[in-house]
Number of protein chains: 2
Amino acid sequence: MNTTRRTCLSLAGLASGSLLVKAAEPPADCDLLALFAKRQSVRRYKPDPVPEEHLRRILDAARRAPTSGNQQPWKFLVVRDRVKIDRMKARCIERSTIGGNSLSTTEREARRKTVEERMAGYFSAPVYIVVLTDSESEYPSYNHHDGPMAAGYLMLAARALGYGTVYITDSIPEEITREVLAIPARYQRVCITPLGIPAGWPDPSPKKKLEDLVAYETL
Amino acid sequence: MNTTRRTCLSLAGLASGSLLVKAAEPPADCDLLALFAKRQSVRRYKPDPVPEEHLRRILDAARRAPTSGNQQPWKFLVVRDRVKIDRMKARCIERSTIGGNSLSTTEREARRKTVEERMAGYFSAPVYIVVLTDSESEYPSYNHHDGPMAAGYLMLAARALGYGTVYITDSIPEEITREVLAIPARYQRVCITPLGIPAGWPDPSPKKKLEDLVAYETL
């Protein structure tokens, strides 16, 4: 058995518990670390609902993120209400097509169509999670570390269960989520993410080489 | 075979490739989502080196974090040089015991011992990773989302391979890492983390109830 498979099996925790009579080369899925590479931003979804049990497991993973002084400053606001989701979409389209007075009618119409297309994708999921941090947490000046970490864990856990997500900031302005969802001022939004089965998994994004991101001893 | 084990095995990727003659109940390690709960902050390490291959896999996972506009604004600065690590420790101890003029000699001595103890733990690892973001990235105003997410993924990937980490901010001041490691001004530090085999896994931190962190439809 080569080292990679042994590592893989021990990661899977089966090395001590089972007898493999015929052991084929484990697929890449066996590698826990492969999950990180599989996670992608998804911008179009199937309408299939997400079972509550999956949602619970995803949020349970999210809140295990590192957190300054164990403060756990998060709120995860789950939205399934189609009226609210459609309202957010309408507000986003409305807002993005304001202005552009220098555009011709044709140009304005083209811009509107582009925005509608993009919003149709973003708002096609069965459920949304608004990741928030509480300004009344124990160490609010550390919320900016804790918030994105929980959101990132949420997205990884979602991928582990076969779901897509995407970390949305400006494309769905915070003010719109605050307005439509009546989010109290004490909570700041980290991001909003759809959660659902992708309409299709996108092609992987081109990535920098690892060696371009790593430095040893000095920069 | 019950559903949990089947899910677990398919997650491990072995369901199609191997014959299990005697299949013991897979341990909790097999559950990808259990990894999130197992990750903990570690503040004391064994000196055993971390193999380059493990380090590479951990960093490869870290840089798969969600990133605004795919900008990948990170630098991961890896430090193994004991001279530098000891210098950072000395500077941290020095800095934390400055002042306190109102303290008696006994009180000052007690404070110094506390700090030395804490720093002995923090600086006991064989290797350190300084997670940085580049102010010359494509979308630098989004670095504050991307930075913590990569750090969080790094820590999860480390745990997957049996290593501990801890997201350190103020306990090792950014200025000290900048000074000792000669980090150019263009890079901002997200955190610094040790990486190594824990001297012992700490008791899990007490956590809020999941239901206290989740809201449905409204806050």
# chains A, B, ... in the order shown; residues from 1 in each chain; ligands from 1

$ residues_around --residues "stretch 52-63 of chain B" --least-positions-apart "3" --cutoff "6 Å" --atoms "only C-alpha atoms" --output "PyMOL selection string"
(chain A and resi 36) or (chain B and resi 150+153-154+157-158)

$ closest_residue --among "A:Val50, A:Ile192, A:Val115, A:Ala160" --to "A:Arg91" --atoms "only C-alpha atoms"
A:Val115

$ select_by_dssp --residues "stretch 7-175 of chain B" --states "helix (DSSP H, G or I)" --output "NGL selection string"
:B and (7-12 or 28-30 or 32-38 or 52-62 or 68-70 or 82-96 or 105-122 or 140-160 or 174-175)

$ write_last_selection --atoms "C-alpha atoms" --output "PDB file, in the first residue's frame"
ATOM      1  CA  THR B   7     -22.938   8.066   3.698  1.00  0.00           C
ATOM      2  CA  CYS B   8     -19.741   7.855   5.647  1.00  0.00           C
ATOM      3  CA  LEU B   9     -18.205   5.325   3.293  1.00  0.00           C
ATOM      4  CA  SER B  10     -19.250   7.215   0.214  1.00  0.00           C
ATOM      5  CA  LEU B  11     -17.736  10.298   1.749  1.00  0.00           C
ATOM      6  CA  ALA B  12     -14.603   8.265   2.259  1.00  0.00           C
ATOM      7  CA  ALA B  28     -16.431   9.649  13.966  1.00  0.00           C
ATOM      8  CA  ASP B  29     -13.279  10.736  12.099  1.00  0.00           C
ATOM      9  CA  CYS B  30     -14.858   9.467   8.928  1.00  0.00           C
ATOM     10  CA  LEU B  32     -16.245  15.194   7.230  1.00  0.00           C
ATOM     11  CA  LEU B  33     -18.474  17.434   9.277  1.00  0.00           C
ATOM     12  CA  ALA B  34     -16.979  16.083  12.522  1.00  0.00           C
ATOM     13  CA  LEU B  35     -13.718  17.732  11.533  1.00  0.00           C
ATOM     14  CA  PHE B  36     -15.187  21.158  12.242  1.00  0.00           C
ATOM     15  CA  ALA B  37     -15.995  20.169  15.825  1.00  0.00           C
ATOM     16  CA  LYS B  38     -12.572  18.614  16.365  1.00  0.00           C
ATOM     17  CA  GLU B  52       7.026  19.719   3.906  1.00  0.00           C
ATOM     18  CA  GLU B  53       4.394  17.640   2.153  1.00  0.00           C
ATOM     19  CA  HIS B  54       1.908  18.202   4.981  1.00  0.00           C
ATOM     20  CA  LEU B  55       2.655  21.895   5.034  1.00  0.00           C
ATOM     21  CA  ARG B  56       2.120  22.080   1.301  1.00  0.00           C
ATOM     22  CA  ARG B  57      -1.250  20.320   1.528  1.00  0.00           C
ATOM     23  CA  ILE B  58      -2.376  22.607   4.334  1.00  0.00           C
ATOM     24  CA  LEU B  59      -1.443  25.739   2.411  1.00  0.00           C
ATOM     25  CA  ASP B  60      -2.988  24.319  -0.752  1.00  0.00           C
ATOM     26  CA  ALA B  61      -6.263  23.994   1.140  1.00  0.00           C
ATOM     27  CA  ALA B  62      -5.976  27.474   2.661  1.00  0.00           C
ATOM     28  CA  SER B  68     -13.586  38.262  -3.873  1.00  0.00           C
ATOM     29  CA  GLY B  69     -13.419  38.352  -7.650  1.00  0.00           C
ATOM     30  CA  ASN B  70     -11.022  35.393  -7.456  1.00  0.00           C
ATOM     31  CA  ARG B  82      14.545  29.245  15.410  1.00  0.00           C
ATOM     32  CA  VAL B  83      16.521  32.469  15.745  1.00  0.00           C
ATOM     33  CA  LYS B  84      13.596  34.478  14.392  1.00  0.00           C
ATOM     34  CA  ILE B  85      11.033  32.586  16.432  1.00  0.00           C
ATOM     35  CA  ASP B  86      13.021  33.135  19.623  1.00  0.00           C
ATOM     36  CA  ARG B  87      13.454  36.791  18.751  1.00  0.00           C
ATOM     37  CA  MET B  88       9.690  37.247  18.344  1.00  0.00           C
ATOM     38  CA  LYS B  89       9.161  35.543  21.691  1.00  0.00           C
ATOM     39  CA  ALA B  90      11.714  37.756  23.413  1.00  0.00           C
ATOM     40  CA  ARG B  91      10.148  40.872  21.910  1.00  0.00           C
ATOM     41  CA  CYS B  92       6.675  39.811  23.016  1.00  0.00           C
ATOM     42  CA  ILE B  93       7.826  39.232  26.591  1.00  0.00           C
ATOM     43  CA  GLU B  94       9.761  42.496  26.611  1.00  0.00           C
ATOM     44  CA  ARG B  95       6.836  44.443  25.269  1.00  0.00           C
ATOM     45  CA  SER B  96       4.212  43.044  27.570  1.00  0.00           C
ATOM     46  CA  THR B 105       8.294  44.366  42.315  1.00  0.00           C
ATOM     47  CA  THR B 106       6.469  41.188  43.340  1.00  0.00           C
ATOM     48  CA  GLU B 107       3.496  41.999  41.099  1.00  0.00           C
ATOM     49  CA  ARG B 108       5.744  42.866  38.175  1.00  0.00           C
ATOM     50  CA  GLU B 109       7.640  39.625  38.611  1.00  0.00           C
ATOM     51  CA  ALA B 110       4.387  37.662  38.731  1.00  0.00           C
ATOM     52  CA  ARG B 111       3.170  39.330  35.525  1.00  0.00           C
ATOM     53  CA  ARG B 112       6.436  38.572  33.781  1.00  0.00           C
ATOM     54  CA  LYS B 113       6.211  34.912  34.766  1.00  0.00           C
ATOM     55  CA  THR B 114       2.661  34.691  33.441  1.00  0.00           C
ATOM     56  CA  VAL B 115       3.669  36.213  30.153  1.00  0.00           C
ATOM     57  CA  GLU B 116       6.749  34.012  29.862  1.00  0.00           C
ATOM     58  CA  GLU B 117       4.624  30.952  30.480  1.00  0.00           C
ATOM     59  CA  ARG B 118       2.108  31.973  27.848  1.00  0.00           C
ATOM     60  CA  MET B 119       4.791  32.837  25.322  1.00  0.00           C
ATOM     61  CA  ALA B 120       6.633  29.587  26.011  1.00  0.00           C
ATOM     62  CA  GLY B 121       3.485  27.809  24.862  1.00  0.00           C
ATOM     63  CA  TYR B 122       2.774  30.009  21.849  1.00  0.00           C
ATOM     64  CA  PRO B 140      -7.815  45.451  -1.616  1.00  0.00           C
ATOM     65  CA  SER B 141     -10.938  46.744   0.112  1.00  0.00           C
ATOM     66  CA  TYR B 142     -12.160  43.134   0.056  1.00  0.00           C
ATOM     67  CA  ASN B 143      -9.003  41.696   1.602  1.00  0.00           C
ATOM     68  CA  HIS B 144     -10.656  41.771   5.006  1.00  0.00           C
ATOM     69  CA  HIS B 145     -13.140  39.119   3.829  1.00  0.00           C
ATOM     70  CA  ASP B 146     -10.598  36.910   2.087  1.00  0.00           C
ATOM     71  CA  GLY B 147      -7.873  36.987   4.740  1.00  0.00           C
ATOM     72  CA  PRO B 148      -9.679  35.390   7.679  1.00  0.00           C
ATOM     73  CA  MET B 149     -11.340  32.843   5.400  1.00  0.00           C
ATOM     74  CA  ALA B 150      -7.996  31.529   4.198  1.00  0.00           C
ATOM     75  CA  ALA B 151      -6.689  31.452   7.758  1.00  0.00           C
ATOM     76  CA  GLY B 152      -9.751  29.508   8.872  1.00  0.00           C
ATOM     77  CA  TYR B 153      -9.329  26.974   6.050  1.00  0.00           C
ATOM     78  CA  LEU B 154      -5.653  26.610   6.934  1.00  0.00           C
ATOM     79  CA  MET B 155      -6.604  25.688  10.483  1.00  0.00           C
ATOM     80  CA  LEU B 156      -9.204  23.182   9.407  1.00  0.00           C
ATOM     81  CA  ALA B 157      -6.853  21.534   6.934  1.00  0.00           C
ATOM     82  CA  ALA B 158      -4.180  21.369   9.624  1.00  0.00           C
ATOM     83  CA  ARG B 159      -6.629  19.596  11.917  1.00  0.00           C
ATOM     84  CA  ALA B 160      -7.464  17.129   9.158  1.00  0.00           C
ATOM     85  CA  GLU B 174       1.663  42.617  14.272  1.00  0.00           C
ATOM     86  CA  GLU B 175       4.452  45.155  14.682  1.00  0.00           C
TER      87      GLU B 175
END

$ atom_distance --atom1 "atom CA of B:Ser124" --atom2 "atom CA of A:Val214"
22.2 Å

$ atom_distance --atom1 "atom CA of B:Pro202" --atom2 "atom CA of A:Arg64"
15.2 Å

$ closest_residue --among "A:Arg178, A:Lys209, A:Lys75, A:Arg189" --to "chain B" --atoms "only C-alpha atoms"
A:Lys75

$ atom_distance --atom1 "atom CA of A:Leu219" --atom2 "atom CA of B:Thr193"
17.0 Å

$ residues_around --residues "B:Ala199" --least-positions-apart "6" --cutoff "8 Å" --atoms "only C-alpha atoms" --output "list of chain:residue names"
B:Arg44, B:Tyr45, B:Lys46

$ write_last_selection --atoms "N, CA and C atoms" --output "compact mmCIF listing (two decimals), in the first residue's frame"
# COMPACT_ATOMS: atom_id res chain seq x y z
N ARG B 44 0.14 24.93 23.01
CA ARG B 44 1.40 24.30 23.42
C ARG B 44 1.64 23.10 22.53
N TYR B 45 2.89 22.98 22.06
CA TYR B 45 3.18 22.03 20.98
C TYR B 45 4.36 21.13 21.31
N LYS B 46 4.40 19.99 20.63
CA LYS B 46 5.61 19.18 20.61
C LYS B 46 6.56 19.80 19.57

$ closest_residue --among "B:Thr165, B:Ser135, B:Thr218, B:Gln188" --to "chain A" --atoms "only C-alpha atoms"
B:Thr218

$ closest_residue --among "A:Asp203, A:Asp170, A:Leu181, A:Thr133" --to "chain B" --atoms "only C-alpha atoms"
A:Leu181

$ select_by_dssp --residues "stretch 9-181 of chain B" --states "strand (DSSP E or B)" --output "list in words"
Ser18, Leu19, Leu20, Val21, Lys22, Ala23, Ser41, Tyr45, Trp74, Lys75, Phe76, Leu77, Val78, Val79, Val127, Tyr128, Ile129, Val130, Val131, Leu132, Thr133, Asp134, Gly164, Thr165 and Ile168 of chain B
